[in-house]
file data_13.pdb (PDB, C-alpha atoms)
ATOM      1  CA  MET A 844       0.000   0.000   0.000
ATOM      2  CA  ASN A 845       1.274   3.440  -0.907
ATOM      3  CA  THR A 846       1.562   6.135   1.710
ATOM      4  CA  TYR A 847       1.234   9.754   0.650
ATOM      5  CA  TYR A 848       2.224  12.513   3.001
ATOM      6  CA  THR A 849       0.630  15.499   1.347
ATOM      7  CA  ILE A 850      -2.260  16.131  -0.977
ATOM      8  CA  ASP A 851       0.208  17.495  -3.546
ATOM      9  CA  GLU A 852       2.130  14.213  -3.509
ATOM     10  CA  LYS A 853      -1.104  12.313  -4.079
ATOM     11  CA  TYR A 854      -1.966  14.667  -6.940
ATOM     12  CA  LEU A 855       1.436  14.166  -8.557
ATOM     13  CA  GLN A 856       1.036  10.401  -8.186
ATOM     14  CA  ALA A 857      -2.337  10.597  -9.956
ATOM     15  CA  VAL A 858      -0.846  12.664 -12.792
ATOM     16  CA  ASP A 859       1.981  10.136 -13.069
ATOM     17  CA  LYS A 860      -0.546   7.291 -13.305
ATOM     18  CA  LEU A 861      -2.335   9.172 -16.099
ATOM     19  CA  SER A 862       0.887   9.626 -18.036
ATOM     20  CA  TYR A 863       1.421   5.858 -17.946
ATOM     21  CA  GLY A 864      -2.139   5.081 -19.027
ATOM     22  CA  ARG A 865      -3.315   3.922 -15.626
ATOM     23  CA  THR A 866      -6.499   5.948 -15.704
ATOM     24  CA  PRO A 867      -8.500   3.815 -13.208
ATOM     25  CA  LYS A 868      -5.856   4.262 -10.501
ATOM     26  CA  ALA A 869      -5.562   7.976 -11.292
ATOM     27  CA  LEU A 870      -9.344   8.322 -11.109
ATOM     28  CA  GLN A 871      -9.331   6.667  -7.697
ATOM     29  CA  LEU A 872      -6.566   8.945  -6.384
ATOM     30  CA  LEU A 873      -8.184  12.095  -7.760
ATOM     31  CA  ASN A 874     -11.554  11.192  -6.248
ATOM     32  CA  GLU A 875      -9.825  10.645  -2.899
ATOM     33  CA  ILE A 876      -8.228  14.086  -3.183
ATOM     34  CA  VAL A 877     -11.550  15.767  -3.973
ATOM     35  CA  SER A 878     -13.292  13.932  -1.168
ATOM     36  CA  ASN A 879     -10.579  15.030   1.315
ATOM     37  CA  ASP A 880     -10.177  18.549  -0.086
ATOM     38  CA  PRO A 881     -13.039  19.647  -2.370
ATOM     39  CA  LEU A 882     -11.228  22.948  -2.984
ATOM     40  CA  TYR A 883      -8.216  21.325  -4.696
ATOM     41  CA  ALA A 884      -8.809  22.842  -8.133
ATOM     42  CA  LYS A 885      -6.223  20.886 -10.108
ATOM     43  CA  ALA A 886      -7.805  17.584  -9.077
ATOM     44  CA  HIS A 887     -11.082  18.857 -10.532
ATOM     45  CA  TYR A 888      -9.203  19.771 -13.718
ATOM     46  CA  GLN A 889      -7.744  16.271 -14.090
ATOM     47  CA  LEU A 890     -11.116  14.692 -13.291
ATOM     48  CA  GLY A 891     -12.701  16.893 -15.949
ATOM     49  CA  LYS A 892     -10.221  15.634 -18.520
ATOM     50  CA  ILE A 893     -10.810  11.992 -17.558
ATOM     51  CA  TYR A 894     -14.582  12.348 -17.694
ATOM     52  CA  TYR A 895     -14.464  14.263 -20.984
ATOM     53  CA  TYR A 896     -11.889  12.359 -22.992
ATOM     54  CA  ASP A 897     -11.863   8.878 -21.450
ATOM     55  CA  LEU A 898     -15.321   8.277 -19.997
ATOM     56  CA  GLU A 899     -17.252  10.642 -22.280
ATOM     57  CA  ASP A 900     -19.454  11.750 -19.399
ATOM     58  CA  TYR A 901     -19.831  15.350 -20.492
ATOM     59  CA  GLN A 902     -22.016  16.562 -17.659
ATOM     60  CA  VAL A 903     -19.569  15.392 -15.000
ATOM     61  CA  ALA A 904     -16.639  16.722 -17.045
ATOM     62  CA  GLY A 905     -18.332  20.119 -17.278
ATOM     63  CA  TYR A 906     -18.940  20.123 -13.534
ATOM     64  CA  HIS A 907     -15.268  19.507 -12.792
ATOM     65  CA  PHE A 908     -13.982  22.040 -15.348
ATOM     66  CA  LYS A 909     -16.400  24.679 -14.049
ATOM     67  CA  THR A 910     -15.451  23.931 -10.454
ATOM     68  CA  CYS A 911     -11.767  24.257 -11.293
ATOM     69  CA  MET A 912     -12.380  27.567 -13.041
ATOM     70  CA  GLU A 913     -14.332  28.898 -10.054
ATOM     71  CA  LEU A 914     -11.787  27.705  -7.485
ATOM     72  CA  GLU A 915      -8.673  28.804  -9.360
ATOM     73  CA  PRO A 916      -9.598  31.257 -12.129
ATOM     74  CA  VAL A 917      -5.954  31.988 -12.972
ATOM     75  CA  PHE A 918      -5.085  28.343 -13.726
ATOM     76  CA  PRO A 919      -4.539  28.467 -17.505
ATOM     77  CA  GLY A 920      -4.614  24.731 -18.251
ATOM     78  CA  ASN A 921      -8.319  24.347 -17.577
ATOM     79  CA  TYR A 922      -9.667  26.859 -20.089
ATOM     80  CA  TYR A 923      -8.800  25.071 -23.330
ATOM     81  CA  HIS A 924     -10.428  21.803 -22.283
ATOM     82  CA  TYR A 925     -13.508  23.453 -20.778
ATOM     83  CA  LEU A 926     -13.958  25.592 -23.898
ATOM     84  CA  ASN A 927     -13.399  22.552 -26.120
ATOM     85  CA  LEU A 928     -16.187  20.738 -24.250
ATOM     86  CA  ALA A 929     -18.542  23.720 -24.626
ATOM     87  CA  VAL A 930     -17.813  23.909 -28.372
ATOM     88  CA  PHE A 931     -18.329  20.159 -28.741
ATOM     89  CA  LEU A 932     -21.703  20.412 -26.991
ATOM     90  CA  ASN A 933     -22.568  23.548 -29.018
ATOM     91  CA  MET A 934     -23.247  25.646 -25.921
ATOM     92  CA  GLN A 935     -22.797  29.091 -27.479
ATOM     93  CA  LYS A 936     -23.423  31.206 -24.374
ATOM     94  CA  LEU A 937     -20.963  29.113 -22.363
ATOM     95  CA  VAL A 938     -18.394  29.326 -25.176
ATOM     96  CA  LYS A 939     -18.585  33.112 -25.040
ATOM     97  CA  ALA A 940     -18.343  33.233 -21.238
ATOM     98  CA  ILE A 941     -15.376  30.859 -21.031
ATOM     99  CA  ALA A 942     -13.528  32.554 -23.905
ATOM    100  CA  GLU A 943     -13.938  36.002 -22.361
ATOM    101  CA  LYS A 944     -12.446  34.769 -19.081
ATOM    102  CA  ALA A 945      -9.697  32.759 -20.780
ATOM    103  CA  LEU A 946      -8.429  35.649 -22.876
ATOM    104  CA  VAL A 947      -7.400  37.622 -19.778
ATOM    105  CA  VAL A 948      -5.667  34.764 -17.940
ATOM    106  CA  PRO A 949      -1.868  34.821 -18.193
ATOM    107  CA  GLY A 950      -0.472  31.642 -19.700
ATOM    108  CA  VAL A 951      -3.529  30.730 -21.762
ATOM    109  CA  ASP A 952      -2.736  30.047 -25.424
ATOM    110  CA  VAL A 953      -4.773  32.873 -26.952
ATOM    111  CA  ALA A 954      -4.561  31.381 -30.454
ATOM    112  CA  ASP A 955      -6.160  28.149 -29.214
ATOM    113  CA  ILE A 956      -8.997  30.089 -27.597
ATOM    114  CA  TYR A 957      -9.707  32.119 -30.748
ATOM    115  CA  GLU A 958      -9.539  28.960 -32.844
ATOM    116  CA  LEU A 959     -12.189  27.278 -30.682
ATOM    117  CA  VAL A 960     -14.357  30.416 -30.800
ATOM    118  CA  GLY A 961     -14.035  30.308 -34.586
ATOM    119  CA  LEU A 962     -15.003  26.643 -34.670
ATOM    120  CA  SER A 963     -18.059  27.345 -32.539
ATOM    121  CA  ALA A 964     -19.149  30.170 -34.846
ATOM    122  CA  GLU A 965     -18.500  28.009 -37.905
ATOM    123  CA  LYS A 966     -20.603  25.176 -36.486
ATOM    124  CA  ASN A 967     -23.429  27.668 -36.077
ATOM    125  CA  LYS A 968     -22.992  29.084 -39.587
ATOM    126  CA  GLU A 969     -21.864  32.482 -38.309
ATOM    127  CA  LEU A 970     -19.197  32.731 -40.987
ATOM    128  CA  GLU A 971     -18.194  36.395 -40.477
ATOM    129  CA  LYS A 972     -17.723  35.818 -36.768
ATOM    130  CA  ALA A 973     -15.786  32.609 -37.474
ATOM    131  CA  LEU A 974     -13.498  34.382 -39.924
ATOM    132  CA  ALA A 975     -12.796  37.158 -37.427
ATOM    133  CA  ALA A 976     -11.962  34.618 -34.704
ATOM    134  CA  TYR A 977      -9.697  32.608 -37.015
ATOM    135  CA  ASN A 978      -7.929  35.817 -38.082
ATOM    136  CA  ASN A 979      -7.360  36.669 -34.411
ATOM    137  CA  ALA A 980      -5.985  33.175 -33.902
ATOM    138  CA  PHE A 981      -3.673  33.631 -36.873
ATOM    139  CA  ASP A 982      -2.426  36.952 -35.492
ATOM    140  CA  THR A 983      -1.479  35.367 -32.159
ATOM    141  CA  VAL A 984      -0.265  31.891 -33.169
ATOM    142  CA  THR A 985       3.395  31.062 -32.542
ATOM    143  CA  ASN A 986       3.541  27.407 -33.553
ATOM    144  CA  LYS A 987       4.160  26.503 -37.200
ATOM    145  CA  THR A 988       1.837  23.471 -37.164
ATOM    146  CA  ASP A 989      -0.949  25.430 -35.493
ATOM    147  CA  LYS A 990      -0.428  28.264 -37.985
ATOM    148  CA  ARG A 991      -1.042  25.900 -40.905
ATOM    149  CA  LYS A 992      -4.162  24.515 -39.228
ATOM    150  CA  ILE A 993      -5.530  28.035 -38.742
ATOM    151  CA  GLU A 994      -4.712  28.938 -42.354
ATOM    152  CA  GLU A 995      -6.732  25.888 -43.455
ATOM    153  CA  SER A 996      -9.635  27.046 -41.293
ATOM    154  CA  ILE A 997      -9.512  30.508 -42.867
ATOM    155  CA  GLU A 998      -9.446  28.974 -46.355
ATOM    156  CA  ARG A 999     -12.412  26.773 -45.447
ATOM    157  CA  ILE A1000     -14.428  29.748 -44.184
ATOM    158  CA  ASN A1001     -13.589  31.800 -47.269
ATOM    159  CA  ALA A1002     -14.735  28.911 -49.482
ATOM    160  CA  LYS A1003     -17.992  28.665 -47.550
ATOM    161  CA  MET A1004     -18.530  32.409 -47.839
ATOM    162  CA  GLN A1005     -17.908  32.302 -51.604
ATOM    163  CA  ARG A1006     -20.364  29.438 -51.913
ATOM    164  CA  VAL A1007     -23.022  31.442 -50.078
ATOM    165  CA  LYS A1008     -22.356  34.469 -52.302
ATOM    166  CA  ALA A1009     -22.749  32.328 -55.422
ATOM    167  CA  TYR A1010     -26.353  31.605 -54.482
ATOM    168  CA  GLN A1011     -27.422  35.167 -53.721
ATOM    169  CA  TYR A1012     -29.645  36.641 -56.406
ATOM    170  CA  THR A1013     -30.530  40.245 -57.039
ATOM    171  CA  LEU A1014     -33.569  41.615 -58.809
ATOM    172  CA  VAL A1015     -32.951  44.123 -61.551
ATOM    173  CA  GLU A1016     -35.753  46.406 -62.669
TER
END
call {"tool": "encode", "arguments": {"input": "data_13.pdb", "output": "structure tokens"}}
result
Amino acid sequence: MNTYYTIDEKYLQAVDKLSYGRTPKALQLLNEIVSNDPLYAKAHYQLGKIYYYDLEDYQVAGYHFKTCMELEPVFPGNYYHYLNLAVFLNMQKLVKAIAEKALVVPGVDVADIYELVGLSAEKNKELEKALAAYNNAFDTVTNKTDKRKIEESIERINAKMQRVKAYQYTLVE
């Protein structure tokens, strides 16, 4: 049996288990942390990721991401995953609220946030808004691979906008 002396050591052990693909053990450790200290924000963050990506329980994932954001609003790691979940579930009001908070948190990858905002707008056929968000992402991106991905998104939006324009008719008197 393992003995952990601090909650931080238990958290690091859980993260280590996750990195080695031992999700059930990590889940157990993280639930123990939250039951002993419900205010330990990073445990909620890791639980959110497990419930979102591994267990696909989106309601529980959202609860943990939201709790993390409320407990530690300056923790940058949480915002991308919480926003990604909101975009996936097409929760437009939540997307806007999370993005607004994320964009002022130091350490958050601003390009990633704008890219997800663009994706949300694109999913909802708000092409102008999507293009603006993708352009903001392009202006702030620093990674070459991400830059290419954003360029592809901009090209896709432009193609969709051209397609829409091709079907607009005008009456001439």
call {"tool": "resolve_selection", "arguments": {"input": "data_13.pdb", "expression": "the PyMOL selection byres ((chain A and resi 992-994) around 12)", "output": "mmCIF file with C-alpha atoms, in the coordinates of the input"}}
result
data_model
loop_
_atom_site.group_PDB
_atom_site.id
_atom_site.type_symbol
_atom_site.label_atom_id
_atom_site.label_comp_id
_atom_site.auth_asym_id
_atom_site.auth_seq_id
_atom_site.Cartn_x
_atom_site.Cartn_y
_atom_site.Cartn_z
ATOM 1 C CA ALA A 954 -4.561 31.381 -30.454
ATOM 2 C CA ASP A 955 -6.160 28.149 -29.214
ATOM 3 C CA ILE A 956 -8.997 30.089 -27.597
ATOM 4 C CA TYR A 957 -9.707 32.119 -30.748
ATOM 5 C CA GLU A 958 -9.539 28.960 -32.844
ATOM 6 C CA LEU A 959 -12.189 27.278 -30.682
ATOM 7 C CA GLY A 961 -14.035 30.308 -34.586
ATOM 8 C CA LEU A 962 -15.003 26.643 -34.670
ATOM 9 C CA ALA A 973 -15.786 32.609 -37.474
ATOM 10 C CA LEU A 974 -13.498 34.382 -39.924
ATOM 11 C CA ALA A 975 -12.796 37.158 -37.427
ATOM 12 C CA ALA A 976 -11.962 34.618 -34.704
ATOM 13 C CA TYR A 977 -9.697 32.608 -37.015
ATOM 14 C CA ASN A 978 -7.929 35.817 -38.082
ATOM 15 C CA ASN A 979 -7.360 36.669 -34.411
ATOM 16 C CA ALA A 980 -5.985 33.175 -33.902
ATOM 17 C CA PHE A 981 -3.673 33.631 -36.873
ATOM 18 C CA ASP A 982 -2.426 36.952 -35.492
ATOM 19 C CA THR A 983 -1.479 35.367 -32.159
ATOM 20 C CA VAL A 984 -0.265 31.891 -33.169
ATOM 21 C CA THR A 985 3.395 31.062 -32.542
ATOM 22 C CA ASN A 986 3.541 27.407 -33.553
ATOM 23 C CA LYS A 987 4.160 26.503 -37.200
ATOM 24 C CA THR A 988 1.837 23.471 -37.164
ATOM 25 C CA ASP A 989 -0.949 25.430 -35.493
ATOM 26 C CA LYS A 990 -0.428 28.264 -37.985
ATOM 27 C CA ARG A 991 -1.042 25.900 -40.905
ATOM 28 C CA GLU A 995 -6.732 25.888 -43.455
ATOM 29 C CA SER A 996 -9.635 27.046 -41.293
ATOM 30 C CA ILE A 997 -9.512 30.508 -42.867
ATOM 31 C CA GLU A 998 -9.446 28.974 -46.355
ATOM 32 C CA ARG A 999 -12.412 26.773 -45.447
ATOM 33 C CA ILE A 1000 -14.428 29.748 -44.184
ATOM 34 C CA ASN A 1001 -13.589 31.800 -47.269
#
call {"tool": "closest_residue", "arguments": {"input": "data_13.pdb", "among": "A:Leu872, A:Ala964, A:Val917, A:Val877", "to": "Lys939 (chain A)", "atoms": "only C-alpha atoms"}}
result
A:Ala964
call {"tool": "atom_distance", "arguments": {"input": "data_13.pdb", "atom1": "CA of Tyr895 (chain A)", "atom2": "CA of Thr866 (chain A)"}}
result
12.7 Å
call {"tool": "resolve_selection", "arguments": {"input": "data_13.pdb", "expression": "the PyMOL selection byres ((chain A and resi 888) around 8)", "output": "MDAnalysis selection string"}}
result
chainID A and resid 884:887 889:892 907:908 911 921
call {"tool": "resolve_selection", "arguments": {"input": "data_13.pdb", "expression": "the PyMOL selection byres ((chain A and resi 923) around 9)", "output": "list of chain:residue names"}}
result
A:Pro919, A:Gly920, A:Asn921, A:Tyr922, A:His924, A:Tyr925, A:Leu926, A:Asn927, A:Leu928, A:Ala942, A:Ala945, A:Val951, A:Asp952, A:Asp955, A:Ile956, A:Leu959
call {"tool": "write_last_selection", "arguments": {"input": "data_13.pdb", "atoms": "C-alpha atoms", "output": "tab-separated table (two decimals), in the frame of the given file"}}
result
chain	number	residue	atom	x	y	z
A	919	PRO	CA	-4.54	28.47	-17.50
A	920	GLY	CA	-4.61	24.73	-18.25
A	921	ASN	CA	-8.32	24.35	-17.58
A	922	TYR	CA	-9.67	26.86	-20.09
A	924	HIS	CA	-10.43	21.80	-22.28
A	925	TYR	CA	-13.51	23.45	-20.78
A	926	LEU	CA	-13.96	25.59	-23.90
A	927	ASN	CA	-13.40	22.55	-26.12
A	928	LEU	CA	-16.19	20.74	-24.25
A	942	ALA	CA	-13.53	32.55	-23.90
A	945	ALA	CA	-9.70	32.76	-20.78
A	951	VAL	CA	-3.53	30.73	-21.76
A	952	ASP	CA	-2.74	30.05	-25.42
A	955	ASP	CA	-6.16	28.15	-29.21
A	956	ILE	CA	-9.00	30.09	-27.60
A	959	LEU	CA	-12.19	27.28	-30.68
call {"tool": "atom_distance", "arguments": {"input": "data_13.pdb", "atom1": "CA of Ala857 (chain A)", "atom2": "CA of Ala869 (chain A)"}}
result
4.4 Å
call {"tool": "build_atoms", "arguments": {"input": "data_13.pdb", "residues": "region 966-988 of chain A", "atoms": "N, CA and C atoms", "output": "mmCIF file, in the frame of the given file"}}
result
data_model
loop_
_atom_site.group_PDB
_atom_site.id
_atom_site.type_symbol
_atom_site.label_atom_id
_atom_site.label_comp_id
_atom_site.auth_asym_id
_atom_site.auth_seq_id
_atom_site.Cartn_x
_atom_site.Cartn_y
_atom_site.Cartn_z
ATOM 1 N N LYS A 966 -19.589 26.209 -36.689
ATOM 2 C CA LYS A 966 -20.603 25.176 -36.486
ATOM 3 C C LYS A 966 -22.009 25.759 -36.525
ATOM 4 N N ASN A 967 -22.125 27.015 -36.122
ATOM 5 C CA ASN A 967 -23.429 27.668 -36.077
ATOM 6 C C ASN A 967 -23.672 28.567 -37.281
ATOM 7 N N LYS A 968 -22.852 28.383 -38.307
ATOM 8 C CA LYS A 968 -22.992 29.084 -39.587
ATOM 9 C C LYS A 968 -22.898 30.606 -39.457
ATOM 10 N N GLU A 969 -22.154 31.060 -38.474
ATOM 11 C CA GLU A 969 -21.864 32.482 -38.309
ATOM 12 C C GLU A 969 -20.495 32.730 -38.939
ATOM 13 N N LEU A 970 -20.461 32.759 -40.259
ATOM 14 C CA LEU A 970 -19.197 32.731 -40.987
ATOM 15 C C LEU A 970 -18.343 33.978 -40.777
ATOM 16 N N GLU A 971 -18.962 35.163 -40.712
ATOM 17 C CA GLU A 971 -18.194 36.395 -40.477
ATOM 18 C C GLU A 971 -17.512 36.345 -39.111
ATOM 19 N N LYS A 972 -18.262 35.920 -38.126
ATOM 20 C CA LYS A 972 -17.723 35.818 -36.768
ATOM 21 C C LYS A 972 -16.605 34.764 -36.720
ATOM 22 N N ALA A 973 -16.800 33.663 -37.424
ATOM 23 C CA ALA A 973 -15.786 32.609 -37.474
ATOM 24 C C ALA A 973 -14.512 33.126 -38.116
ATOM 25 N N LEU A 974 -14.664 33.843 -39.231
ATOM 26 C CA LEU A 974 -13.498 34.382 -39.924
ATOM 27 C C LEU A 974 -12.734 35.358 -39.033
ATOM 28 N N ALA A 975 -13.443 36.202 -38.329
ATOM 29 C CA ALA A 975 -12.796 37.158 -37.427
ATOM 30 C C ALA A 975 -12.024 36.422 -36.327
ATOM 31 N N ALA A 976 -12.627 35.381 -35.762
ATOM 32 C CA ALA A 976 -11.962 34.618 -34.704
ATOM 33 C C ALA A 976 -10.725 33.899 -35.244
ATOM 34 N N TYR A 977 -10.849 33.292 -36.422
ATOM 35 C CA TYR A 977 -9.697 32.608 -37.015
ATOM 36 C C TYR A 977 -8.579 33.598 -37.354
ATOM 37 N N ASN A 978 -8.949 34.789 -37.808
ATOM 38 C CA ASN A 978 -7.929 35.817 -38.082
ATOM 39 C C ASN A 978 -7.232 36.246 -36.796
ATOM 40 N N ASN A 979 -7.978 36.360 -35.703
ATOM 41 C CA ASN A 979 -7.360 36.669 -34.411
ATOM 42 C C ASN A 979 -6.427 35.542 -33.987
ATOM 43 N N ALA A 980 -6.843 34.322 -34.226
ATOM 44 C CA ALA A 980 -5.985 33.175 -33.902
ATOM 45 C C ALA A 980 -4.702 33.234 -34.721
ATOM 46 N N PHE A 981 -4.842 33.539 -35.994
ATOM 47 C CA PHE A 981 -3.673 33.631 -36.873
ATOM 48 C C PHE A 981 -2.711 34.711 -36.395
ATOM 49 N N ASP A 982 -3.256 35.840 -35.958
ATOM 50 C CA ASP A 982 -2.426 36.952 -35.492
ATOM 51 C C ASP A 982 -1.645 36.620 -34.224
ATOM 52 N N THR A 983 -2.121 35.662 -33.445
ATOM 53 C CA THR A 983 -1.479 35.367 -32.159
ATOM 54 C C THR A 983 -0.764 34.021 -32.118
ATOM 55 N N VAL A 984 -0.870 33.228 -33.180
ATOM 56 C CA VAL A 984 -0.265 31.891 -33.169
ATOM 57 C C VAL A 984 1.262 31.990 -33.231
ATOM 58 N N THR A 985 1.931 31.081 -32.545
ATOM 59 C CA THR A 985 3.395 31.062 -32.542
ATOM 60 C C THR A 985 3.959 29.722 -32.999
ATOM 61 N N ASN A 986 3.106 28.747 -33.173
ATOM 62 C CA ASN A 986 3.541 27.407 -33.553
ATOM 63 C C ASN A 986 3.275 27.191 -35.040
ATOM 64 N N LYS A 987 4.267 26.677 -35.753
ATOM 65 C CA LYS A 987 4.160 26.503 -37.200
ATOM 66 C C LYS A 987 3.033 25.547 -37.588
ATOM 67 N N THR A 988 2.896 24.449 -36.870
ATOM 68 C CA THR A 988 1.837 23.471 -37.164
ATOM 69 C C THR A 988 0.465 24.077 -36.912
#
